[in-house]
Amino acid sequence: MSSRILTLLVFAISPVSVAAEPMKCHVGPITIELGGGPWQVTSCDDGRSLVLATMKGNPSMPFVFIVKRNDQGSKIAGEGNGSKEHSAAAFGELKGLSEAQLDDLVQATKRIGSTP
């Protein structure tokens with residue numbers, strides 16, 4: 001899934017003020033395993049938020065999670081049509097990650113750099 005599509009998904013899922021600049025989530029990607037399948041992870045230009053999209057071979061495909069992070073904590077939103085069982089397992093694992101582990105994912109994407 002291209003970073004442009006992921007950015008569009010962020011806009012579709014996140015309430016955004018008309019005057020606000022759209023968030024771009026094109027840093028990375030890295031690959032992690034969640035819920036028994038591979039996920040592509042990119043981080044966003046706020047330096048904290050993440051987008052996770054299913055990759056080929058993932059039974060949750062197609063599915064995307066947006067992890068919006070701020071000083072009040074993290075909110076996870078997800079949407080897709082893949083296996084509910086696998087996406088629920090991935091959600092459980094994602095929800096169980098600490099703020100430090102989420103920070104580590106952001107840092108890992110930054111080591112890769114931005115994609116056009």
# chains A, B, ... in the order shown; residues from 1 in each chain; ligands from 1

$ select_by_dssp --residues "chain A" --states "helix (DSSP H, G or I)" --output "VMD selection string"
chain A and resid 3 to 13 84 to 95 99 to 112

$ write_last_selection --atoms "C-alpha atoms" --output "mmCIF file, in the first residue's frame"
data_model
loop_
_atom_site.group_PDB
_atom_site.id
_atom_site.type_symbol
_atom_site.label_atom_id
_atom_site.label_comp_id
_atom_site.auth_asym_id
_atom_site.auth_seq_id
_atom_site.Cartn_x
_atom_site.Cartn_y
_atom_site.Cartn_z
ATOM 1 C CA SER A 3 2.235 6.074 1.446
ATOM 2 C CA ARG A 4 -0.198 8.333 -0.441
ATOM 3 C CA ILE A 5 -3.026 5.871 0.123
ATOM 4 C CA LEU A 6 -2.075 5.606 3.795
ATOM 5 C CA THR A 7 -2.132 9.389 4.073
ATOM 6 C CA LEU A 8 -5.594 9.468 2.527
ATOM 7 C CA LEU A 9 -6.757 6.839 4.998
ATOM 8 C CA VAL A 10 -5.513 8.979 7.875
ATOM 9 C CA PHE A 11 -7.624 11.853 6.578
ATOM 10 C CA ALA A 12 -10.684 9.634 6.140
ATOM 11 C CA ILE A 13 -10.448 8.170 9.646
ATOM 12 C CA LYS A 84 -11.745 -10.331 11.929
ATOM 13 C CA GLU A 85 -9.972 -12.929 14.085
ATOM 14 C CA HIS A 86 -6.508 -11.886 12.896
ATOM 15 C CA SER A 87 -7.195 -8.147 12.927
ATOM 16 C CA ALA A 88 -8.572 -8.477 16.487
ATOM 17 C CA ALA A 89 -5.413 -10.342 17.520
ATOM 18 C CA ALA A 90 -3.260 -7.630 15.926
ATOM 19 C CA PHE A 91 -5.321 -4.939 17.698
ATOM 20 C CA GLY A 92 -4.789 -6.694 21.034
ATOM 21 C CA GLU A 93 -1.038 -6.831 20.499
ATOM 22 C CA LEU A 94 -0.915 -3.216 19.294
ATOM 23 C CA LYS A 95 -2.999 -2.035 22.255
ATOM 24 C CA GLU A 99 4.495 4.211 24.938
ATOM 25 C CA ALA A 100 8.222 3.365 24.933
ATOM 26 C CA GLN A 101 7.634 0.533 22.439
ATOM 27 C CA LEU A 102 5.591 2.866 20.220
ATOM 28 C CA ASP A 103 8.438 5.402 20.455
ATOM 29 C CA ASP A 104 10.825 2.633 19.336
ATOM 30 C CA LEU A 105 8.658 1.993 16.259
ATOM 31 C CA VAL A 106 8.714 5.714 15.400
ATOM 32 C CA GLN A 107 12.496 5.787 15.781
ATOM 33 C CA ALA A 108 12.873 2.679 13.591
ATOM 34 C CA THR A 109 10.855 4.352 10.807
ATOM 35 C CA LYS A 110 13.008 7.471 11.099
ATOM 36 C CA ARG A 111 16.158 5.407 10.537
ATOM 37 C CA ILE A 112 14.702 4.414 7.145
#

$ residues_around --residues "Pro29 in chain A" --least-positions-apart "2" --cutoff "7 Å" --atoms "only C-alpha atoms" --output "PyMOL selection string"
chain A and resi 27+31+40-42+109+112

$ write_last_selection --atoms "C-alpha atoms" --output "PDB file, in the first residue's frame"
ATOM      1  CA  VAL A  27       8.363   8.057   7.246  1.00  0.00           C
ATOM      2  CA  THR A  31       7.853  -4.320   8.818  1.00  0.00           C
ATOM      3  CA  GLN A  40       4.020  -2.198   7.145  1.00  0.00           C
ATOM      4  CA  VAL A  41       4.569   0.627   9.623  1.00  0.00           C
ATOM      5  CA  THR A  42       5.109   4.279   8.776  1.00  0.00           C
ATOM      6  CA  THR A 109      10.855   4.352  10.807  1.00  0.00           C
ATOM      7  CA  ILE A 112      14.702   4.414   7.145  1.00  0.00           C
TER       8      ILE A 112
END

$ residues_around --residues "Lys68 in chain A" --least-positions-apart "5" --cutoff "10 Å" --atoms "only C-alpha atoms" --output "PDB file with N, CA and C atoms, in the first residue's frame"
ATOM      1  N   VAL A  10      -5.602   8.193   6.642  1.00  0.00           N
ATOM      2  CA  VAL A  10      -5.513   8.979   7.875  1.00  0.00           C
ATOM      3  C   VAL A  10      -6.538  10.101   7.833  1.00  0.00           C
ATOM      4  N   SER A  14      -9.473  10.191  10.587  1.00  0.00           N
ATOM      5  CA  SER A  14      -9.246  11.190  11.628  1.00  0.00           C
ATOM      6  C   SER A  14     -10.076  12.430  11.377  1.00  0.00           C
ATOM      7  N   CYS A  44       4.330   9.395  11.292  1.00  0.00           N
ATOM      8  CA  CYS A  44       3.743  10.628  10.770  1.00  0.00           C
ATOM      9  C   CYS A  44       4.603  11.837  11.120  1.00  0.00           C
ATOM     10  N   ASP A  46       4.035  14.319  12.835  1.00  0.00           N
ATOM     11  CA  ASP A  46       3.960  14.834  14.204  1.00  0.00           C
ATOM     12  C   ASP A  46       5.036  14.208  15.082  1.00  0.00           C
ATOM     13  N   ARG A  48       5.102  11.247  16.346  1.00  0.00           N
ATOM     14  CA  ARG A  48       4.588  10.328  17.367  1.00  0.00           C
ATOM     15  C   ARG A  48       3.589   9.315  16.824  1.00  0.00           C
ATOM     16  N   SER A  49       2.778   9.719  15.871  1.00  0.00           N
ATOM     17  CA  SER A  49       1.696   8.858  15.387  1.00  0.00           C
ATOM     18  C   SER A  49       2.208   7.856  14.359  1.00  0.00           C
ATOM     19  N   LEU A  50       1.442   6.764  14.177  1.00  0.00           N
ATOM     20  CA  LEU A  50       1.845   5.663  13.306  1.00  0.00           C
ATOM     21  C   LEU A  50       0.674   5.194  12.452  1.00  0.00           C
ATOM     22  N   VAL A  51       1.009   4.636  11.295  1.00  0.00           N
ATOM     23  CA  VAL A  51       0.044   3.961  10.442  1.00  0.00           C
ATOM     24  C   VAL A  51       0.573   2.558  10.192  1.00  0.00           C
ATOM     25  N   GLY A  73      -2.307  10.612  25.555  1.00  0.00           N
ATOM     26  CA  GLY A  73      -2.204   9.167  25.355  1.00  0.00           C
ATOM     27  C   GLY A  73      -2.351   8.787  23.899  1.00  0.00           C
ATOM     28  N   SER A  74      -2.665   7.522  23.674  1.00  0.00           N
ATOM     29  CA  SER A  74      -2.781   6.985  22.323  1.00  0.00           C
ATOM     30  C   SER A  74      -4.205   6.547  22.043  1.00  0.00           C
ATOM     31  N   LYS A  75      -4.647   6.784  20.814  1.00  0.00           N
ATOM     32  CA  LYS A  75      -5.940   6.291  20.344  1.00  0.00           C
ATOM     33  C   LYS A  75      -5.684   5.462  19.100  1.00  0.00           C
ATOM     34  N   ILE A  76      -6.285   4.286  19.052  1.00  0.00           N
ATOM     35  CA  ILE A  76      -6.099   3.396  17.918  1.00  0.00           C
ATOM     36  C   ILE A  76      -7.419   3.262  17.176  1.00  0.00           C
ATOM     37  N   ALA A  77      -7.373   3.514  15.886  1.00  0.00           N
ATOM     38  CA  ALA A  77      -8.532   3.312  15.016  1.00  0.00           C
ATOM     39  C   ALA A  77      -8.118   2.317  13.948  1.00  0.00           C
TER      40      ALA A  77
END

$ select_by_dssp --residues "chain A" --states "strand (DSSP E or B)" --output "mmCIF file with C-alpha atoms, in the first residue's frame"
data_model
loop_
_atom_site.group_PDB
_atom_site.id
_atom_site.type_symbol
_atom_site.label_atom_id
_atom_site.label_comp_id
_atom_site.auth_asym_id
_atom_site.auth_seq_id
_atom_site.Cartn_x
_atom_site.Cartn_y
_atom_site.Cartn_z
ATOM 1 C CA VAL A 27 8.363 8.057 7.246
ATOM 2 C CA GLY A 28 9.673 4.520 6.850
ATOM 3 C CA PRO A 29 8.377 1.936 6.220
ATOM 4 C CA ILE A 30 9.438 -0.885 8.488
ATOM 5 C CA THR A 31 7.853 -4.320 8.818
ATOM 6 C CA ILE A 32 6.619 -5.892 12.052
ATOM 7 C CA GLU A 33 4.594 -8.991 12.946
ATOM 8 C CA LEU A 34 1.245 -8.589 14.719
ATOM 9 C CA GLY A 37 0.895 -11.518 9.961
ATOM 10 C CA PRO A 38 3.226 -8.870 8.549
ATOM 11 C CA TRP A 39 2.382 -5.166 8.841
ATOM 12 C CA GLN A 40 4.020 -2.198 7.145
ATOM 13 C CA VAL A 41 4.569 0.627 9.623
ATOM 14 C CA THR A 42 5.109 4.279 8.776
ATOM 15 C CA SER A 43 5.282 7.207 11.166
ATOM 16 C CA LEU A 50 1.845 5.663 13.306
ATOM 17 C CA VAL A 51 0.044 3.961 10.442
ATOM 18 C CA LEU A 52 0.079 0.166 10.159
ATOM 19 C CA ALA A 53 -1.120 -1.504 6.955
ATOM 20 C CA THR A 54 -1.399 -5.187 6.146
ATOM 21 C CA PHE A 63 -6.726 -3.605 7.009
ATOM 22 C CA VAL A 64 -5.131 -0.436 8.378
ATOM 23 C CA PHE A 65 -4.592 0.873 11.910
ATOM 24 C CA ILE A 66 -3.956 4.506 12.772
ATOM 25 C CA VAL A 67 -2.270 5.118 16.138
ATOM 26 C CA LYS A 68 -2.811 8.798 16.965
ATOM 27 C CA ARG A 69 -0.577 9.833 19.851
ATOM 28 C CA ASN A 70 -0.523 13.032 21.879
ATOM 29 C CA GLY A 73 -2.204 9.167 25.355
ATOM 30 C CA SER A 74 -2.781 6.985 22.323
ATOM 31 C CA LYS A 75 -5.940 6.291 20.344
ATOM 32 C CA ILE A 76 -6.099 3.396 17.918
ATOM 33 C CA ALA A 77 -8.532 3.312 15.016
ATOM 34 C CA GLY A 78 -8.748 0.518 12.489
ATOM 35 C CA GLU A 79 -10.658 -0.355 9.380
ATOM 36 C CA GLY A 80 -10.644 -3.144 6.838
ATOM 37 C CA SER A 114 10.863 9.453 4.269
#

$ atom_distance --atom1 "CA of Asn81 in chain A" --atom2 "CA of Met61 in chain A"
6.9 Å
